[in-house]
Structure formats: structure tokens, C-alpha cells
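Participant: Contents of coords_39.tsv (TSV, C-alpha atoms) are given next:
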chain	number	residue	atom	x	y	z
A	1	ASP	CA	78.17	74.76	94.31
A	2	MET	CA	80.61	74.34	97.18
A	3	GLU	CA	80.96	76.98	99.88
A	4	ARG	CA	83.25	79.72	98.64
A	5	VAL	CA	86.49	80.29	100.54
A	6	VAL	CA	87.35	83.95	101.11
A	7	ILE	CA	90.50	85.17	102.89
A	8	VAL	CA	90.78	88.82	103.96
A	9	THR	CA	94.07	90.23	105.27
A	10	GLY	CA	93.85	93.10	107.73
A	11	ALA	CA	90.28	92.05	108.51
A	12	ASN	CA	90.07	93.10	112.14
A	13	SER	CA	88.97	96.71	111.64
A	14	GLY	CA	88.16	99.43	109.13
A	15	ILE	CA	87.55	98.50	105.51
A	16	GLY	CA	88.56	94.84	106.00
A	17	LEU	CA	85.98	94.27	108.73
A	18	ALA	CA	83.28	96.23	106.87
A	19	LEU	CA	83.97	94.07	103.81
A	20	CYS	CA	83.59	90.85	105.86
A	21	GLU	CA	80.26	92.09	107.22
A	22	ARG	CA	79.03	92.86	103.70
A	23	LEU	CA	80.24	89.53	102.26
A	24	LEU	CA	78.42	87.52	104.93
A	25	THR	CA	75.26	89.53	104.27
A	26	GLU	CA	75.68	88.65	100.59
A	27	ASP	CA	76.44	84.94	101.10
A	28	SER	CA	75.91	83.38	104.53
A	29	GLN	CA	77.43	80.09	103.35
A	30	LEU	CA	80.91	81.55	102.90
A	31	GLN	CA	83.96	80.08	104.53
A	32	LEU	CA	85.46	83.36	105.67
A	33	CYS	CA	89.00	83.59	107.00
A	34	LEU	CA	90.21	86.71	108.85
A	35	ALA	CA	93.99	86.91	108.45
A	36	CYS	CA	95.27	89.34	111.09
A	37	ARG	CA	98.42	90.31	112.95
A	38	ASN	CA	96.69	91.03	116.26
A	39	MET	CA	94.79	87.92	117.36
A	40	GLN	CA	92.93	89.65	120.20
A	41	ARG	CA	91.46	92.15	117.76
A	42	ALA	CA	90.76	89.32	115.32
A	43	GLU	CA	88.80	87.45	118.03
A	44	ALA	CA	86.78	90.61	118.71
A	45	ALA	CA	86.07	91.04	114.99
A	46	ARG	CA	85.00	87.41	114.71
A	47	SER	CA	82.62	87.79	117.68
A	48	ALA	CA	81.12	90.92	116.15
A	49	LEU	CA	80.54	89.14	112.83
A	50	LEU	CA	79.00	86.10	114.54
A	51	THR	CA	76.66	88.34	116.53
A	52	SER	CA	75.00	89.54	113.33
A	53	HIS	CA	75.51	86.28	111.37
A	54	THR	CA	74.95	83.52	113.91
A	55	ASP	CA	75.44	80.57	111.52
A	56	ALA	CA	78.44	81.99	109.69
A	57	HIS	CA	81.64	80.04	109.18
A	58	VAL	CA	84.43	82.41	110.33
A	59	ASP	CA	88.04	81.24	110.84
A	60	LEU	CA	91.03	83.15	112.18
A	61	LEU	CA	94.55	83.05	110.82
A	62	HIS	CA	97.61	84.66	112.37
A	63	LEU	CA	99.40	86.66	109.68
A	64	ASP	CA	101.87	89.50	109.87
A	65	VAL	CA	102.38	90.38	106.19
A	66	GLY	CA	105.45	92.39	107.16
A	67	SER	CA	107.30	89.22	108.22
A	68	VAL	CA	108.46	86.59	105.72
A	69	GLN	CA	108.39	83.78	108.30
A	70	SER	CA	104.85	84.71	109.35
A	71	VAL	CA	103.67	84.68	105.72
A	72	LEU	CA	105.19	81.23	105.12
A	73	ASN	CA	103.64	79.84	108.33
A	74	ALA	CA	100.23	81.31	107.50
A	75	ALA	CA	100.33	79.90	103.97
A	76	GLN	CA	101.13	76.42	105.36
A	77	GLU	CA	98.14	76.73	107.67
A	78	VAL	CA	95.85	77.81	104.80
A	79	LYS	CA	96.97	74.83	102.68
A	80	ALA	CA	96.21	72.49	105.57
A	81	ARG	CA	92.72	73.94	106.08
A	82	TYR	CA	91.33	74.56	102.59
A	83	ASN	CA	91.64	72.81	99.25
A	84	ARG	CA	91.04	75.95	97.20
A	85	ILE	CA	90.62	79.73	97.50
A	86	ASP	CA	87.94	81.73	95.70
A	87	PHE	CA	88.84	85.23	96.87
A	88	LEU	CA	92.01	86.59	98.43
A	89	TYR	CA	91.52	90.21	99.55
A	90	LEU	CA	94.93	91.80	100.12
A	91	ASN	CA	93.85	94.61	102.40
A	92	ALA	CA	96.45	94.76	105.20
A	93	GLY	CA	98.78	97.72	105.02
A	94	ILE	CA	100.67	100.40	106.89
A	95	MET	CA	100.55	104.10	106.28
A	96	PRO	CA	103.30	106.29	107.73
A	97	MET	CA	102.00	109.79	108.32
A	98	ASP	CA	103.64	113.19	108.50
A	99	VAL	CA	101.64	115.11	111.11
A	100	ARG	CA	103.41	118.42	110.52
A	101	ALA	CA	102.52	118.31	106.83
A	102	PHE	CA	98.95	117.55	107.87
A	103	PHE	CA	98.58	120.68	109.99
A	104	LYS	CA	100.30	122.83	107.40
A	105	GLY	CA	97.96	121.52	104.71
A	106	LEU	CA	94.92	122.00	106.88
A	107	PHE	CA	95.27	125.77	106.78
A	108	SER	CA	96.21	126.02	103.13
A	109	ARG	CA	94.21	126.37	99.92
A	110	ASN	CA	95.17	122.83	99.11
A	111	VAL	CA	93.09	121.28	101.91
A	112	ILE	CA	90.51	119.42	99.79
A	113	ASN	CA	93.18	118.02	97.50
A	114	MET	CA	95.24	117.03	100.52
A	115	PHE	CA	92.42	114.96	101.98
A	116	ALA	CA	91.33	113.54	98.65
A	117	THR	CA	94.78	112.26	97.64
A	118	ALA	CA	96.76	112.41	100.89
A	119	GLU	CA	99.23	114.39	98.80
A	120	GLY	CA	102.26	115.36	100.86
A	121	LEU	CA	100.89	113.69	103.98
A	122	LEU	CA	102.41	110.28	103.66
A	123	THR	CA	105.98	111.49	103.34
A	124	GLN	CA	108.21	109.85	105.85
A	125	GLN	CA	111.48	108.04	105.89
A	126	ASP	CA	110.88	104.35	106.11
A	127	CYS	CA	112.96	101.86	108.13
A	128	LEU	CA	114.26	98.32	107.59
A	129	ASN	CA	112.45	95.35	109.14
A	130	SER	CA	114.04	92.19	110.58
A	131	ASP	CA	114.11	90.57	107.11
A	132	GLY	CA	116.27	93.46	105.88
A	133	LEU	CA	113.45	94.85	103.71
A	134	GLN	CA	111.98	98.35	103.74
A	135	GLU	CA	109.05	98.09	106.12
A	136	VAL	CA	106.33	99.77	104.02
A	137	PHE	CA	107.34	97.83	100.89
A	138	ALA	CA	107.45	94.56	102.86
A	139	THR	CA	104.01	95.05	104.40
A	140	ASN	CA	102.11	96.65	101.54
A	141	LEU	CA	103.59	94.70	98.65
A	142	PHE	CA	106.17	91.96	99.17
A	143	GLY	CA	104.39	90.00	101.93
A	144	HIS	CA	101.26	89.86	99.79
A	145	PHE	CA	103.27	88.84	96.70
A	146	LEU	CA	104.85	86.02	98.71
A	147	MET	CA	101.41	84.97	99.99
A	148	ILE	CA	100.12	84.67	96.41
A	149	ARG	CA	103.22	82.67	95.41
A	150	GLU	CA	102.81	80.28	98.35
A	151	LEU	CA	99.08	79.82	97.73
A	152	GLU	CA	99.36	79.27	93.98
A	153	PRO	CA	98.35	75.58	94.27
A	154	LEU	CA	95.03	76.73	95.80
A	155	LEU	CA	94.59	79.75	93.54
A	156	CYS	CA	95.51	78.20	90.18
A	157	GLN	CA	93.38	75.10	89.76
A	158	ALA	CA	92.08	73.56	86.57
A	159	GLY	CA	88.45	74.45	85.87
A	160	HIS	CA	88.29	76.96	88.73
A	161	THR	CA	88.68	80.74	88.76
A	162	SER	CA	90.08	82.58	91.74
A	163	ARG	CA	90.40	86.26	92.45
A	164	VAL	CA	92.99	88.45	94.11
A	165	VAL	CA	91.86	91.94	95.11
A	166	TRP	CA	94.37	94.61	96.18
A	167	THR	CA	93.35	97.57	98.33
A	168	SER	CA	95.31	100.32	96.60
A	169	SER	CA	94.91	104.08	96.89
A	170	SER	CA	94.44	107.19	94.78
A	171	ASN	CA	97.80	108.12	96.31
A	172	ALA	CA	99.50	105.50	94.10
A	173	ARG	CA	101.41	107.90	91.89
A	174	ARG	CA	103.87	106.90	89.17
A	175	SER	CA	106.09	109.85	90.15
A	176	ALA	CA	106.66	108.33	93.62
A	177	PHE	CA	107.81	105.00	92.18
A	178	SER	CA	111.18	104.14	90.69
A	179	ILE	CA	111.82	100.69	89.19
A	180	GLU	CA	115.52	101.12	90.09
A	181	ASP	CA	114.48	101.58	93.74
A	182	MET	CA	111.51	99.22	94.01
A	183	GLN	CA	111.66	99.18	97.83
A	184	HIS	CA	111.84	103.00	97.98
A	185	ARG	CA	114.97	103.03	100.15
A	186	ASN	CA	116.00	106.46	98.92
A	187	GLY	CA	112.68	108.28	98.62
A	188	THR	CA	110.30	109.96	101.06
A	189	GLU	CA	106.99	108.59	99.74
A	190	PRO	CA	107.11	104.90	100.68
A	191	TYR	CA	103.31	104.53	100.89
A	192	SER	CA	102.60	106.00	97.47
A	193	SER	CA	105.46	103.97	95.97
A	194	SER	CA	104.20	100.69	97.49
A	195	LYS	CA	100.65	101.29	96.24
A	196	TYR	CA	101.83	102.11	92.71
A	197	ALA	CA	103.90	98.92	92.82
A	198	SER	CA	100.80	96.86	93.68
A	199	ASP	CA	98.95	98.46	90.73
A	200	ILE	CA	101.61	97.37	88.24
A	201	LEU	CA	102.07	93.97	89.91
A	202	SER	CA	98.35	93.32	89.48
A	203	LEU	CA	98.70	93.95	85.74
A	204	ALA	CA	101.61	91.47	85.52
A	205	LEU	CA	99.70	88.84	87.52
A	206	ASN	CA	96.84	89.03	85.04
A	207	ARG	CA	99.19	88.71	82.09
A	208	HIS	CA	100.85	85.61	83.55
A	209	LYS	CA	98.05	83.95	85.49
A	210	ASN	CA	94.69	84.56	83.75
A	211	SER	CA	95.30	81.44	81.66
A	212	GLN	CA	95.60	79.46	84.94
A	213	GLY	CA	92.32	80.87	86.28
A	214	LEU	CA	93.77	83.58	88.54
A	215	PHE	CA	92.43	87.14	88.11
A	216	SER	CA	93.75	90.21	89.92
A	217	SER	CA	91.97	93.55	90.53
A	218	VAL	CA	92.87	96.82	92.20
A	219	VAL	CA	90.56	98.94	94.33
A	220	CYS	CA	90.64	102.46	95.74
A	221	PRO	CA	88.40	102.80	98.82
A	222	GLY	CA	88.39	106.61	98.69
A	223	LEU	CA	88.96	108.67	101.82
A	224	VAL	CA	87.80	106.60	104.78
A	225	MET	CA	88.05	107.52	108.43
A	226	THR	CA	89.51	104.37	110.00
A	227	ASN	CA	91.82	103.59	112.91
A	228	LEU	CA	94.67	104.30	110.48
A	229	THR	CA	93.43	107.86	110.17
A	230	TYR	CA	92.07	108.40	113.66
A	231	GLY	CA	95.30	107.25	115.28
A	232	ILE	CA	97.21	110.10	113.70
A	233	LEU	CA	95.56	112.97	115.55
A	234	PRO	CA	93.77	113.53	118.86
A	235	SER	CA	90.06	112.78	118.93
A	236	PHE	CA	88.86	116.31	119.79
A	237	PHE	CA	90.33	117.32	116.44
A	238	TRP	CA	88.13	114.84	114.54
A	239	THR	CA	85.05	116.06	116.40
A	240	LEU	CA	85.77	119.50	114.97
A	241	ILE	CA	86.63	118.41	111.48
A	242	MET	CA	84.00	115.73	110.74
A	243	PRO	CA	81.20	118.21	109.88
A	244	ILE	CA	83.60	119.86	107.44
A	245	MET	CA	84.36	116.47	105.87
A	246	TRP	CA	80.66	115.76	105.33
A	247	LEU	CA	80.33	119.19	103.73
A	248	ILE	CA	83.25	118.56	101.39
A	249	ARG	CA	81.56	115.32	100.32
A	250	ILE	CA	78.95	117.41	98.49
A	251	PHE	CA	81.68	118.56	96.10
A	252	THR	CA	83.70	115.38	95.67
A	253	ASN	CA	82.59	111.74	95.43
A	254	THR	CA	85.89	110.30	96.67
A	255	PHE	CA	85.01	111.08	100.32
A	256	THR	CA	83.47	107.73	101.19
A	257	LEU	CA	84.23	108.45	104.89
A	258	THR	CA	82.80	105.28	106.48
A	259	PRO	CA	84.43	101.85	106.22
A	260	TYR	CA	81.12	100.46	104.91
A	261	ASN	CA	81.17	102.89	101.98
A	262	GLY	CA	84.91	102.42	101.45
A	263	ALA	CA	84.34	98.66	101.02
A	264	GLU	CA	81.86	99.31	98.17
A	265	ALA	CA	84.20	98.43	95.26
A	266	LEU	CA	85.62	95.41	97.14
A	267	HIS	CA	82.09	94.11	97.63
A	268	TRP	CA	81.07	94.96	94.04
A	269	LEU	CA	84.02	92.93	92.68
A	270	PHE	CA	82.76	89.92	94.65
A	271	LEU	CA	79.64	89.97	92.44
A	272	GLN	CA	81.36	90.33	89.05
A	273	GLN	CA	82.51	87.75	86.51
A	274	PRO	CA	86.31	88.07	86.36
A	275	GLN	CA	86.38	87.91	82.55
A	276	SER	CA	84.33	91.13	82.40
A	277	LEU	CA	86.88	93.16	84.37
A	278	ASP	CA	89.52	95.49	82.97
A	279	PRO	CA	93.05	94.61	84.20
A	280	ARG	CA	94.19	98.19	83.52
A	281	ALA	CA	91.46	99.83	85.60
A	282	LYS	CA	91.36	100.69	89.27
A	283	TYR	CA	87.89	100.19	90.73
A	284	HIS	CA	86.95	103.17	92.90
A	285	SER	CA	84.49	103.15	95.80
A	286	LEU	CA	82.52	106.38	95.44
A	287	THR	CA	79.76	108.01	97.48
A	288	SER	CA	77.54	110.72	96.08
A	289	GLY	CA	76.65	113.87	98.06
A	290	LEU	CA	73.35	112.19	98.97
A	291	GLY	CA	75.18	109.16	100.31
A	292	THR	CA	74.59	106.69	97.46
A	293	ASN	CA	77.45	104.22	96.97
A	294	TYR	CA	78.68	103.10	93.57
A	295	THR	CA	81.79	101.66	91.89
A	296	GLN	CA	83.59	103.24	88.98
A	297	PRO	CA	86.56	101.93	86.97
A	298	ARG	CA	89.24	104.50	86.17
A	299	GLN	CA	92.23	103.81	83.93
A	300	MET	CA	95.55	103.50	85.77
A	301	ASP	CA	98.75	105.24	84.70
A	302	ILE	CA	100.62	101.97	84.12
A	303	ASP	CA	102.59	100.25	81.36
A	304	ASP	CA	103.36	96.64	80.50
A	305	GLU	CA	107.15	97.02	80.47
A	306	THR	CA	107.45	98.34	84.03
A	307	SER	CA	104.97	95.76	85.29
A	308	GLU	CA	107.00	92.98	83.68
A	309	VAL	CA	110.22	94.28	85.25
A	310	ILE	CA	108.77	94.47	88.77
A	311	TYR	CA	107.32	90.97	88.38
A	312	LYS	CA	110.78	89.58	87.56
A	313	LYS	CA	112.46	91.65	90.29
A	314	LEU	CA	110.03	90.36	92.92
A	315	PHE	CA	110.85	86.77	91.90
A	316	GLU	CA	114.57	87.52	92.26
A	317	LEU	CA	114.00	89.12	95.66
A	318	GLU	CA	111.90	86.15	96.74
A	319	LYS	CA	114.83	83.79	96.05
A	320	VAL	CA	117.20	85.98	98.07
A	321	VAL	CA	114.79	86.33	100.98
A	322	ARG	CA	114.07	82.59	101.15
A	323	ARG	CA	117.79	81.81	101.12
A	324	LYS	CA	118.47	84.32	103.91
A	325	LEU	CA	115.64	82.86	105.97
A	326	ARG	CA	116.93	79.30	105.54
A	327	GLU	CA	120.40	80.41	106.66
A	328	ARG	CA	118.98	82.27	109.64
A	329	ASN	CA	116.89	79.28	110.70
A	330	ALA	CA	119.90	76.97	110.31
A	331	ASP	CA	121.99	79.33	112.47
A	332	ASN	CA	119.28	79.38	115.13
A	333	GLU	CA	119.12	75.60	115.11
A	334	ALA	CA	122.89	75.29	115.46
A	335	HIS	CA	122.76	77.77	118.32
A	336	GLN	CA	120.02	75.77	120.09
A	337	GLN	CA	122.02	72.58	119.54
A	338	HIS	CA	125.10	74.24	121.06
A	339	LEU	CA	123.12	75.42	124.10
A	340	CYS	CA	121.75	71.94	124.69
A	341	GLU	CA	125.20	70.37	124.50
A	342	THR	CA	126.69	73.00	126.83
A	343	GLU	CA	123.89	72.31	129.30
A	344	LYS	CA	124.38	68.55	129.02
A	345	SER	CA	128.12	68.72	129.69
A	346	ALA	CA	127.45	71.06	132.63
A	347	MET	CA	125.03	68.48	134.08
A	348	GLU	CA	127.55	65.65	133.57
A	349	PHE	CA	130.25	67.73	135.26
A	350	LYS	CA	127.92	68.37	138.19
A	351	ASN	CA	127.13	64.64	138.49
A	352	ARG	CA	130.81	63.76	138.50
A	353	ILE	CA	131.40	66.16	141.38
What do you get writing this file as C-alpha cells?
Facilitator:
Amino acid sequence: DMERVVIVTGANSGIGLALCERLLTEDSQLQLCLACRNMQRAEAARSALLTSHTDAHVDLLHLDVGSVQSVLNAAQEVKARYNRIDFLYLNAGIMPMDVRAFFKGLFSRNVINMFATAEGLLTQQDCLNSDGLQEVFATNLFGHFLMIRELEPLLCQAGHTSRVVWTSSSNARRSAFSIEDMQHRNGTEPYSSSKYASDILSLALNRHKNSQGLFSSVVCPGLVMTNLTYGILPSFFWTLIMPIMWLIRIFTNTFTLTPYNGAEALHWLFLQQPQSLDPRAKYHSLTSGLGTNYTQPRQMDIDDETSEVIYKKLFELEKVVRRKLRERNADNEAHQQHLCETEKSAMEFKNRI
């Protein structure tokens, strides 16, 4: 058996890094690729992994999933380096947070539910990125969709199965998503909408690609305290609240709290045969009150029709985005050309004088 190739997006901290650590413990022969936006952090993550796994094969890849050009460049690089992919963990994401809602919720009866589902917390207006896409949609969904499309030659190979694993959320609610507004331009729950979109996209990918050896799964890591969460509020606040969080864990198994525990379902999927998985289930990382980790499938609130529509709409959007990018690159080239010529004629003029 050849060394398995595993790519993890957003691998430099939190659940992504914990997953990498666990995968190398499971299989030291892996070819592991950390696909990250911040290369300094990626270097640090790589060093940390190599400290505990001295013989490991760990590559870095620069990838900003929120940028179409970056995704295309990264995919080219992947195709140059590897001749196939066994696992693609789509774990990078952004989470806009409403701090006022957080403090209000903290002193309400709803506090446990708020933490468990992030209900009402992730409500913020989203903005457009440089590709003209809604930023949360672009980062959490479209960039990853484009990555899969670009890497299809490595993912869909005869006689070989490959796996795509999405880090979703229990916050992925159907009510936050509208197929008429796939990018969530008009709503106030961009995070929830983008996660629901990845749930239904996963279903469509299985319907279209299982026959070509590609299998897609969706994971919920539970409530994990990562940089995403810590960054929202000052640290003294977490010092106060952490004991309360550990207490709440006794009553609910979705409080995985540590990145290691949150990566449980992602790691568990690495060990399963794809044919045995349920394309309509979300695989939850859970931690019992005593701290035992386990994975549990729970049925998603999804339907085939909507998943088919978003699949087609993403293809349409992909065409538009690629065309725009080609035009932009052509414009830039023409501009460069013009600058060069202006400079040349200036030099000639100078020489004549």
C-alpha cells in the first residue's frame, strides 16, 4: 500500500492541527499537507508536528480559501506534487461573531443553548470580498467547492476511493439558508447559512461522485474552545467561564471543549470504510461527562431537491467567477504592458536628449 496523501485546510491551529497530530499518531507513513493562509503559523504547526513525529512527511501549501486565485494556484501546486489524494479535510472557515449578543445571552436562561448551538451569536452582516462574493460564503463553501472541482483528477481515479470531509456545525440550520440567496447577501446569519450549504452540497457530491470513487462526509466538532472562540473576548473572561463550561459538560455531550476532542469524528472517519457511511448523516464529535470521546451519526435536515439545485448553482457561479478572473488577469497584463511601453518611450526620449 502506498503512503496515503492527506490534505487539511486550516491546519495551523485548533481542530485542524489537533486532527493532524492524531492522524500522524495513527499512521506515521502519511504524506500530510497543511494548507494554510498564514505561512508563518503553518511553519510553526509543522515544527510542532515534527517534534512529536520526527520521521513524519509534512508539507506546507499556501491556500486562502476565500480567494479564487489562491485556490487555483494551490490546486496547481497540489497537482504538481501528488498523483492522487486519499483524504481532503475541508476545515478552514471564518466565523463572524456578535459580541453584544454574546453578553446578553450569557446572563439569560438560554445560556446553555447559546453555547451549544451558538444560536443568535453568529449574526452579523457579511461583506463582499475582492472576487465580488460574500466573504463567509466564499471562505466556508465556495473556495472549498472550487478546490474539489480543481482536484477532481486526483480525487476521482479508477480503482481508488478518496474522501472529502467537511467541518460543519450544529449551527447549520435550514431556517438560516435560502436557495434563492445562496450567498446570504440579504440575511444576518451568514455562518449558519454557509454551514447548511456545505451539508447539502455534501449530499449532492455523493449522489454525483460515489460512482467515481469520491465520498463526502460532514462532521460537527461540538463546542470547542479554539482561537476562533478565544479571539472574541478578553482572556480574563475565559478564566472565569472555563470552570462553568466544564460543569455544563456533565449535562450535555456536545461540549467537547478541547481541539483534540473536537477532532474525534474527523479522526474516526479516517478509520472507516466509505461504503459504510451514511451520506445523510452528520458525524458528531461527542465527549461524555467523564471525558470519554465518541462519534455519533445524527440525521441531517436535508433534501435531495435543494441539494441538487445548489450543486447546479455552484457550477453556474464557478463559470462566472472564472470568466471574471480571466478578464481581470487580462486587464492587469494589458496594464503592465502599457507601463512597460510608457517606460521604454520615456527612456528613448531621455536618450535622444
Participant: A:Glu21, A:Glu348, A:Asp331, A:Glu135: which is nearest Pro259 (chain A), counting only C-alpha atoms?
Facilitator: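 Of the candidates, the smallest distance to Pro259 (chain A) is held by A:Glu21.
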Participant: Go ahead and compute the interatomic distance for CA of Ser217 (chain A) and CA of Asp131 (chain A), in Å to one decimal.
Facilitator: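 If I compute the distance from CA of Ser217 (chain A) to CA of Asp131 (chain A), I get 27.8 Å.
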Participant: Restricting the calculation to only C-alpha atoms, which member of A:Ala176, A:Gln69, A:Thr256, A:His62 is positioned closest to Arg328 (chain A)?
Facilitator: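 Using only C-alpha atoms, the shortest distance to Arg328 (chain A) belongs to A:Gln69.
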Participant: Taking into account all atoms listed in the file, which residue in the set A:Gln337, A:Ala18, A:Arg174, A:Val68 is nearest to Arg323 (chain A)?
Facilitator: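 Among the listed residues, the smallest separation from Arg323 (chain A) belongs to A:Val68.
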Participant: Do a neighbour search on region 158-162 of chain A at 10 Å with only C-alpha atoms, toss out local chain neighbours closer than 3 positions, and write the hits as a list in words.
Facilitator: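 The residues that qualify are Val5, Val6, Arg84, Ile85, Asp86, Phe87, Leu88, Leu154, Leu155, Asn210, Ser211, Gln212, Gly213, Leu214, Phe215, Ser216, Gln273, Pro274 and Gln275 of chain A.
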Participant: Take CA of Asp27 (chain A) and CA of Val165 (chain A) and report the distance between them in Å, one decimal.
Facilitator: 18.0 Å
Participant: Report the closest atom pair, with its distance in Å rounded to one decimal, for each residue of region 133-194 of chain A that has an atom no farther than 9 Å from region 74-77 of chain A; count only C-alpha atoms, sort by chain and then rising residue number, and write it as CSV.
Facilitator:
residue,atom,partner,partner_atom,distance
A:Met147,CA,A:Ala75,CA,6.5
A:Ile148,CA,A:Ala75,CA,8.9
A:Glu150,CA,A:Ala75,CA,6.2
A:Leu151,CA,A:Ala75,CA,6.4
Participant: May I ask which of the residues A:Leu240, A:Cys156, A:Ala45, A:Ala346 is the closest one to Lys209 (chain A), counting only C-alpha atoms?
Facilitator: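 Answer, going by the shortest atom-to-atom distance: A:Cys156.
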Participant: Would you kindly return, as a VMD selection string, each protein, DNA or RNA residue with an atom no farther than 10 Å from any atom of Asp304 (chain A), considering only C-alpha atoms and excluding same-chain residues fewer than 3 positions away?
Facilitator: chain A and resid 200 to 201 203 to 204 207 280 307 to 309
Participant: Counting all atoms listed in the file, figure out which residue out of A:Leu257, A:Leu24, A:Cys127, A:Val71 gets nearest to Leu50 (chain A).
Facilitator: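 For Leu50 (chain A), the nearest of the candidates is A:Leu24.
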Participant: Counting only C-alpha atoms, which residue out of A:Ala48, A:Met2, A:Ile7, A:Ile248 sits closest to Gln29 (chain A)?
Facilitator: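 Ranking A:Ala48, A:Met2, A:Ile7, A:Ile248 by distance to Gln29 (chain A), first place goes to A:Met2.
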Participant: Quick one: distance from CA of Asp303 (chain A) to CA of Ser168 (chain A) in Å, one decimal?
Facilitator: 16.9 Å
Participant: Neighbours of region 287-302 of chain A within 8 Å (all atoms listed in the file; same-chain residues fewer than 4 positions away dropped), as a list of chain:residue names?
Facilitator: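 These residues fall inside the cut-off: A:Arg174, A:Asp199, A:Ile200, A:Arg249, A:Ile250, A:Phe251, A:Thr252, A:Asn253, A:Thr254, A:Phe255, A:Thr256, A:Asn261, A:Glu264, A:Ala265, A:Trp268, A:Arg280, A:Ala281, A:Lys282, A:Tyr283, A:Thr306, A:Ser307.
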Participant: Give as a VMD selection string each residue that has an atom at most 10 Å from (107.1, 103.6, 96.8) in the file, counting all atoms listed in the file.
Facilitator: chain A and resid 134 136 to 137 140 to 141 172 to 179 181 to 198
Participant: Only C-alpha atoms, please: the residues just picked out, written as a compact mmCIF listing (two decimals), in the coordinates of the input.
Facilitator:
# COMPACT_ATOMS: atom_id res chain seq x y z
CA GLN A 134 111.98 98.35 103.74
CA VAL A 136 106.33 99.77 104.02
CA PHE A 137 107.34 97.83 100.89
CA ASN A 140 102.11 96.65 101.54
CA LEU A 141 103.59 94.70 98.65
CA ALA A 172 99.50 105.50 94.10
CA ARG A 173 101.41 107.90 91.89
CA ARG A 174 103.87 106.90 89.17
CA SER A 175 106.09 109.85 90.15
CA ALA A 176 106.66 108.33 93.62
CA PHE A 177 107.81 105.00 92.18
CA SER A 178 111.18 104.14 90.69
CA ILE A 179 111.82 100.69 89.19
CA ASP A 181 114.48 101.58 93.74
CA MET A 182 111.51 99.22 94.01
CA GLN A 183 111.66 99.18 97.83
CA HIS A 184 111.84 103.00 97.98
CA ARG A 185 114.97 103.03 100.15
CA ASN A 186 116.00 106.46 98.92
CA GLY A 187 112.68 108.28 98.62
CA THR A 188 110.30 109.96 101.06
CA GLU A 189 106.99 108.59 99.74
CA PRO A 190 107.11 104.90 100.68
CA TYR A 191 103.31 104.53 100.89
CA SER A 192 102.60 106.00 97.47
CA SER A 193 105.46 103.97 95.97
CA SER A 194 104.20 100.69 97.49
CA LYS A 195 100.65 101.29 96.24
CA TYR A 196 101.83 102.11 92.71
CA ALA A 197 103.90 98.92 92.82
CA SER A 198 100.80 96.86 93.68
Participant: With all atoms listed in the file as the counted atoms, please give the residues lying no more than 10 Å from Thr258 (chain A), apart from itself and same-chain residues fewer than 3 positions off, as a list in words.
Facilitator: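 Residues near the query, excluding close chain neighbours: Gly14, Ile15, Ala18, Pro221, Gly222, Leu223, Val224, Met225, Thr226, Phe255, Asn261, Gly262, Ala263 and Thr287 of chain A.
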Participant: With the input short on atoms, add all heavy atoms back to region 219-224 of chain A and write it as a compact mmCIF listing (two decimals), in the coordinates of the input.
Facilitator:
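Result written to selection.txt:
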# COMPACT_ATOMS: atom_id res chain seq x y z
N VAL A 219 91.66 98.12 93.84
CA VAL A 219 90.56 98.94 94.33
C VAL A 219 91.10 100.18 95.03
O VAL A 219 92.14 100.15 95.67
CB VAL A 219 89.73 98.12 95.35
CG1 VAL A 219 88.86 99.02 96.22
CG2 VAL A 219 88.88 97.10 94.63
N CYS A 220 90.37 101.29 94.90
CA CYS A 220 90.64 102.46 95.74
C CYS A 220 89.41 102.71 96.60
O CYS A 220 88.33 102.96 96.07
CB CYS A 220 90.92 103.69 94.89
SG CYS A 220 91.06 105.17 95.92
N PRO A 221 89.56 102.64 97.94
CA PRO A 221 88.40 102.80 98.82
C PRO A 221 87.96 104.25 99.02
O PRO A 221 86.95 104.50 99.68
CB PRO A 221 88.87 102.20 100.15
CG PRO A 221 90.35 102.28 100.10
CD PRO A 221 90.79 102.31 98.67
N GLY A 222 88.71 105.21 98.45
CA GLY A 222 88.39 106.61 98.69
C GLY A 222 88.89 107.03 100.06
O GLY A 222 89.64 106.30 100.72
N LEU A 223 88.50 108.20 100.52
CA LEU A 223 88.96 108.67 101.82
C LEU A 223 88.05 108.12 102.91
O LEU A 223 86.87 108.47 102.99
CB LEU A 223 88.95 110.19 101.89
CG LEU A 223 89.43 110.66 103.27
CD1 LEU A 223 90.94 110.73 103.33
CD2 LEU A 223 88.83 111.97 103.66
N VAL A 224 88.58 107.23 103.72
CA VAL A 224 87.80 106.60 104.78
C VAL A 224 88.41 106.96 106.12
O VAL A 224 89.63 106.96 106.27
CB VAL A 224 87.80 105.06 104.62
CG1 VAL A 224 87.05 104.40 105.76
CG2 VAL A 224 87.17 104.68 103.29
